[in-house]
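Read the structure below first, then the notes.
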Amino acid sequence: MPSVLRSRHRPDMRWSGRDSAIAAAIFAAVAFVGAAVTVGFAVGHYGERTTTVTVQSAAAAAAPASPSPVPVSASVAAGAHTFVQFACSQCHGERGRGGVSPDVPALASVGRALTVATLTHIIDHGLGESANPTKPYMPVWGAVISTTQVRDLVAYIRAGLPTVADTQPVPIPRGQGQAVEGAALYVRYGCINCHGPNGLGGVPNPLSADKSIPPLSGGGFHHDFPTDKAIAAVIRSGSVIGKAPIVSMPHWGGVIPPQDVQALIAYLKTLK
Ligand code: HEC
Ligand code: HEC
């Protein structure tokens with residue numbers, strides 16, 4: 001079945017230097033030239049591999065929390081909003097402070113450790129070892145997020161992810177039915193950025209076979225994903241359709257609680 005095959009395609013971006021001692025040693029070797037080096041190359045369709053190798057520092061001490069808004073540049077402020085809009089905060093925690101999943105790093109110190117070029121590359125191309133379908137990886141955003149938005153995200157991360165006013169994610173109405181919760185979760189987790197309003201699809205993914213990210217409504221979707229179980233499985237595991245920078249379905253297992261996955265499915269089933 002096509003859907004089963006697709007849901008088995010794992011991203012294969014292999015993260016080298018995940019071991020902190022290796023990362024520290026590699027970073028030390030490049031630190032004096034003043035740049036962390038990113039070498040990304042990608043293979044990976046139907047069992048081939050996507051490999052992204054990024055050299056970074058070992059984690060430095062977390063930046064101190066700044067509870068009240070501080071004056072920031074327009075670019076940093078825009079980055080703070082984009083960080084929420086694209087659900088970076090749903091995986092990396094509010095202001096990148098972590099705490100969501102042991103498999104998703106905090107970003108508090110990464111702005112000091114990594115260069116603009118490296119951060120830009122990670123956001124555009126994704127990162128992570130994800131042969132294991134039970135673990136999240138850093139999604140590929142290059143085709144979805146504009147150059148300006150990526151620049152603002154990088155500015156925000158390099159500024160230490162300060163508190164910026166009015167950046168709360170959309171609230172989730174509780175006790176009003178699963179579909180109502182799911183509609184808000186669809187925005188909060190940024191599904192809408194890739195799958196469009198009402199799950200209509202059409203968001204460009206130029207290097208993929210379909211040239212766009214699929215809809216989550218309509219006959220084709222219901223044919224390929226006829227049961228709640230099938231939909232839940234692809235939300236949890238993600239689905240990789242080719243080498244970065246092709247955008248693939250992120251892995252949300254361990255990030256979105258099971259009851260929220262059910263609410264998302266209830267919402268999707270209300271769509272055309
Ligand atoms: C579905 C969860 C998820 C989402 C959404 C997500 N990330 Fe990530 N991100 C990860 C994971 C997992 C890693 C770690 C990858 C690895 O090293 O194996 C990561 C790594 C990173 C890194 C490198 C951190 C380091 O210490 O090496 C940066 C920078 C980053 N993400 C920024 C972002 C930004 C900006 C966004 C929003 C546009 C975002 N992430 C959205 C899961 C996510
Ligand atoms: C970064 C972009 C991105 C985000 C964010 C995203 N998806 Fe996807 N999603 C994709 C892509 C690309 C595919 C197609 C994967 C494939 O064809 O194997 C996909 C596939 C799916 C599918 C299977 C449909 C199909 O025809 O393959 C479902 C269901 C789905 N996504 C639900 C969601 C939900 C729910 C969210 C929010 C929690 C979400 N997605 C967030 C990119 C994204």
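Residue numbers start at 1 in each chain; chains themselves are named A, B, ... in the order of the structure tokens; ligands are numbered from 1 in the order shown.
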Please produce, as JSON lines, a per-residue contact table for chain A versus ligand 1 (criterion: any atom at most 8 Å away, only C-alpha atoms and all ligand atoms considered), showing the nearest atom pair and its distance in Å to one decimal, sorted by chain then residue number.
```
{"residue": "A:Arg14", "atom": "CA", "partner": "ligand 1", "partner_atom_place_in_ligand_line": "18 (O)", "distance": 7.7}
{"residue": "A:Trp15", "atom": "CA", "partner": "ligand 1", "partner_atom_place_in_ligand_line": "18 (O)", "distance": 5.6}
{"residue": "A:Arg18", "atom": "CA", "partner": "ligand 1", "partner_atom_place_in_ligand_line": "17 (O)", "distance": 6.6}
{"residue": "A:Thr54", "atom": "CA", "partner": "ligand 1", "partner_atom_place_in_ligand_line": "27 (O)", "distance": 7.7}
{"residue": "A:Gln56", "atom": "CA", "partner": "ligand 1", "partner_atom_place_in_ligand_line": "27 (O)", "distance": 6.5}
{"residue": "A:Ala59", "atom": "CA", "partner": "ligand 1", "partner_atom_place_in_ligand_line": "26 (O)", "distance": 7.1}
{"residue": "A:Thr82", "atom": "CA", "partner": "ligand 1", "partner_atom_place_in_ligand_line": "38 (C)", "distance": 7.3}
{"residue": "A:Phe83", "atom": "CA", "partner": "ligand 1", "partner_atom_place_in_ligand_line": "37 (C)", "distance": 5.4}
{"residue": "A:Val84", "atom": "CA", "partner": "ligand 1", "partner_atom_place_in_ligand_line": "37 (C)", "distance": 7.8}
{"residue": "A:Phe86", "atom": "CA", "partner": "ligand 1", "partner_atom_place_in_ligand_line": "38 (C)", "distance": 5.3}
{"residue": "A:Ala87", "atom": "CA", "partner": "ligand 1", "partner_atom_place_in_ligand_line": "5 (C)", "distance": 5.2}
{"residue": "A:Cys88", "atom": "CA", "partner": "ligand 1", "partner_atom_place_in_ligand_line": "37 (C)", "distance": 3.6}
{"residue": "A:Ser89", "atom": "CA", "partner": "ligand 1", "partner_atom_place_in_ligand_line": "41 (C)", "distance": 7.1}
{"residue": "A:Gln90", "atom": "CA", "partner": "ligand 1", "partner_atom_place_in_ligand_line": "5 (C)", "distance": 6.3}
{"residue": "A:Cys91", "atom": "CA", "partner": "ligand 1", "partner_atom_place_in_ligand_line": "2 (C)", "distance": 4.4}
{"residue": "A:His92", "atom": "CA", "partner": "ligand 1", "partner_atom_place_in_ligand_line": "7 (N)", "distance": 6.2}
{"residue": "A:Asp103", "atom": "CA", "partner": "ligand 1", "partner_atom_place_in_ligand_line": "12 (C)", "distance": 5.5}
{"residue": "A:Val104", "atom": "CA", "partner": "ligand 1", "partner_atom_place_in_ligand_line": "12 (C)", "distance": 4.1}
{"residue": "A:Pro105", "atom": "CA", "partner": "ligand 1", "partner_atom_place_in_ligand_line": "26 (O)", "distance": 5.7}
{"residue": "A:Ala106", "atom": "CA", "partner": "ligand 1", "partner_atom_place_in_ligand_line": "26 (O)", "distance": 6.9}
{"residue": "A:Leu107", "atom": "CA", "partner": "ligand 1", "partner_atom_place_in_ligand_line": "24 (C)", "distance": 5.9}
{"residue": "A:Ser109", "atom": "CA", "partner": "ligand 1", "partner_atom_place_in_ligand_line": "26 (O)", "distance": 7.9}
{"residue": "A:Val110", "atom": "CA", "partner": "ligand 1", "partner_atom_place_in_ligand_line": "26 (O)", "distance": 5.6}
{"residue": "A:Gly111", "atom": "CA", "partner": "ligand 1", "partner_atom_place_in_ligand_line": "29 (C)", "distance": 7.7}
{"residue": "A:Leu119", "atom": "CA", "partner": "ligand 1", "partner_atom_place_in_ligand_line": "29 (C)", "distance": 5.3}
{"residue": "A:Thr120", "atom": "CA", "partner": "ligand 1", "partner_atom_place_in_ligand_line": "29 (C)", "distance": 7.9}
{"residue": "A:Ile122", "atom": "CA", "partner": "ligand 1", "partner_atom_place_in_ligand_line": "29 (C)", "distance": 6.1}
{"residue": "A:Ile123", "atom": "CA", "partner": "ligand 1", "partner_atom_place_in_ligand_line": "32 (C)", "distance": 5.7}
{"residue": "A:Gly126", "atom": "CA", "partner": "ligand 1", "partner_atom_place_in_ligand_line": "20 (C)", "distance": 7.5}
{"residue": "A:Leu127", "atom": "CA", "partner": "ligand 1", "partner_atom_place_in_ligand_line": "15 (C)", "distance": 4.8}
{"residue": "A:Gly128", "atom": "CA", "partner": "ligand 1", "partner_atom_place_in_ligand_line": "18 (O)", "distance": 3.2}
{"residue": "A:Glu129", "atom": "CA", "partner": "ligand 1", "partner_atom_place_in_ligand_line": "18 (O)", "distance": 5.3}
{"residue": "A:Ser130", "atom": "CA", "partner": "ligand 1", "partner_atom_place_in_ligand_line": "18 (O)", "distance": 7.6}
{"residue": "A:Lys135", "atom": "CA", "partner": "ligand 1", "partner_atom_place_in_ligand_line": "12 (C)", "distance": 7.4}
{"residue": "A:Pro136", "atom": "CA", "partner": "ligand 1", "partner_atom_place_in_ligand_line": "12 (C)", "distance": 4.7}
{"residue": "A:Tyr137", "atom": "CA", "partner": "ligand 1", "partner_atom_place_in_ligand_line": "12 (C)", "distance": 3.8}
{"residue": "A:Met138", "atom": "CA", "partner": "ligand 1", "partner_atom_place_in_ligand_line": "10 (C)", "distance": 3.5}
{"residue": "A:Pro139", "atom": "CA", "partner": "ligand 1", "partner_atom_place_in_ligand_line": "7 (N)", "distance": 6.0}
{"residue": "A:Trp141", "atom": "CA", "partner": "ligand 1", "partner_atom_place_in_ligand_line": "38 (C)", "distance": 6.6}
{"residue": "A:Ile145", "atom": "CA", "partner": "ligand 1", "partner_atom_place_in_ligand_line": "38 (C)", "distance": 7.7}
{"residue": "A:Val150", "atom": "CA", "partner": "ligand 1", "partner_atom_place_in_ligand_line": "35 (C)", "distance": 7.6}
{"residue": "A:Leu153", "atom": "CA", "partner": "ligand 1", "partner_atom_place_in_ligand_line": "35 (C)", "distance": 5.8}
{"residue": "A:Val154", "atom": "CA", "partner": "ligand 1", "partner_atom_place_in_ligand_line": "35 (C)", "distance": 7.2}
{"residue": "A:Ile157", "atom": "CA", "partner": "ligand 1", "partner_atom_place_in_ligand_line": "29 (C)", "distance": 7.5}
{"residue": "A:Tyr189", "atom": "CA", "partner": "ligand 1", "partner_atom_place_in_ligand_line": "5 (C)", "distance": 7.6}
{"residue": "A:Gly190", "atom": "CA", "partner": "ligand 1", "partner_atom_place_in_ligand_line": "5 (C)", "distance": 8.0}
{"residue": "A:Pro250", "atom": "CA", "partner": "ligand 1", "partner_atom_place_in_ligand_line": "1 (C)", "distance": 5.2}
{"residue": "A:His251", "atom": "CA", "partner": "ligand 1", "partner_atom_place_in_ligand_line": "1 (C)", "distance": 5.5}
{"residue": "A:Trp252", "atom": "CA", "partner": "ligand 1", "partner_atom_place_in_ligand_line": "1 (C)", "distance": 5.4}
{"residue": "A:Val255", "atom": "CA", "partner": "ligand 1", "partner_atom_place_in_ligand_line": "2 (C)", "distance": 7.1}
```
Selected residues, C-alpha atoms, written as a compact mmCIF listing (two decimals), in the first residue's frame, please.
```txt
# COMPACT_ATOMS: atom_id res chain seq x y z
CA ARG A 14 22.87 11.35 10.04
CA TRP A 15 24.18 13.58 12.73
CA ARG A 18 26.42 13.87 18.58
CA THR A 54 27.25 19.62 11.45
CA GLN A 56 28.99 22.43 16.79
CA ALA A 59 26.53 22.62 25.04
CA THR A 82 8.26 33.22 13.56
CA PHE A 83 9.67 30.83 16.19
CA VAL A 84 6.14 30.43 17.58
CA PHE A 86 6.45 27.60 12.85
CA ALA A 87 6.13 25.66 16.10
CA CYS A 88 9.84 25.72 16.84
CA SER A 89 8.70 26.39 20.41
CA GLN A 90 6.52 23.27 20.41
CA CYS A 91 9.62 21.06 20.01
CA HIS A 92 12.38 23.21 21.51
CA ASP A 103 15.44 14.09 22.04
CA VAL A 104 15.04 17.79 21.22
CA PRO A 105 17.86 20.06 22.41
CA ALA A 106 17.40 23.44 24.09
CA LEU A 107 18.62 26.30 21.91
CA SER A 109 23.38 28.38 24.07
CA VAL A 110 23.46 27.45 20.40
CA GLY A 111 23.38 31.08 19.26
CA LEU A 119 22.30 28.03 11.92
CA THR A 120 20.86 29.03 8.54
CA ILE A 122 20.41 23.70 9.93
CA ILE A 123 17.06 25.49 9.58
CA GLY A 126 17.24 19.94 8.86
CA LEU A 127 19.42 17.90 11.17
CA GLY A 128 19.43 14.62 12.96
CA GLU A 129 19.77 10.91 12.90
CA SER A 130 16.35 9.66 12.20
CA LYS A 135 12.76 9.74 17.54
CA PRO A 136 12.22 13.28 16.30
CA TYR A 137 14.61 14.97 13.90
CA MET A 138 15.02 18.61 12.99
CA PRO A 139 12.67 19.14 10.03
CA TRP A 141 12.26 24.18 6.41
CA ILE A 145 10.19 29.49 5.35
CA VAL A 150 15.17 32.37 8.42
CA LEU A 153 15.00 33.29 13.30
CA VAL A 154 18.79 33.25 13.30
CA ILE A 157 18.52 32.65 18.32
CA TYR A 189 1.82 22.88 15.88
CA GLY A 190 2.28 24.69 12.60
CA PRO A 250 8.18 15.86 10.79
CA HIS A 251 8.19 13.19 13.48
CA TRP A 252 5.85 14.36 16.25
CA VAL A 255 6.23 15.88 21.20
```
Exercise for the section: Set the cut-off to 7 Å, count only C-alpha atoms and all ligand atoms, and list whatever residues fall near ligand 2 as a VMD selection string. Expected result: chain A and resid 3 6 to 7 139 to 141 144 186 189 to 191 193 to 195 213 to 216 221 224 231 234 to 235 239 to 241 247 to 250 252 264
Practice task
Just the residues within 12 Å of Lys229 of chain A, please, counting only C-alpha atoms, with nothing from its chain fewer than 4 positions along; format it as a list in words.
Solution key: Val4, Asp224, Phe225, Ala233, Val234, Ile235, Arg236, Pro258, Val261, Gln262, Ile265 and Ala266 of chain A
Practice task
Mind checking which residues fall within 12 Å of Gln259 of chain A, counting only C-alpha atoms, ignoring those fewer than 6 positions away in the same chain, and posting them as an MDAnalysis selection string?
Solution key: chainID A and resid 174 177:179 181:182 185 232 253 265:266
Handout entry: Polymer residues at most 9 Å from Arg151 of chain A, only C-alpha atoms, same-chain spacing of 2 or more positions, as a list of chain:residue names
Key =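 So the residues in contact are A:Ser75, A:Gly79, A:Val116, A:Thr120, A:Ser146, A:Thr147, A:Thr148, A:Gln149, A:Leu153, A:Val154, A:Ala155, A:Tyr156.
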Using only C-alpha atoms, which protein or nucleic acid residues come within 7 Å of Leu161 of chain A? Drop anything in the same chain fewer than 5 positions from it, and give the result as a compact mmCIF listing (two decimals) with N, CA and C atoms, in the first residue's frame.
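The file below, part-v6.txt, is the result:
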```
# COMPACT_ATOMS: atom_id res chain seq x y z
N ARG A 95 10.75 29.84 24.08
CA ARG A 95 12.03 30.55 23.95
C ARG A 95 13.21 29.56 23.90
N GLY A 96 12.97 28.38 23.31
CA GLY A 96 14.06 27.44 23.10
C GLY A 96 14.68 26.91 24.37
N ALA A 108 19.21 27.54 23.93
CA ALA A 108 19.64 28.73 24.64
C ALA A 108 21.11 29.09 24.38
N TYR A 156 17.17 36.03 16.17
CA TYR A 156 16.52 35.78 17.46
C TYR A 156 17.31 34.76 18.28
```
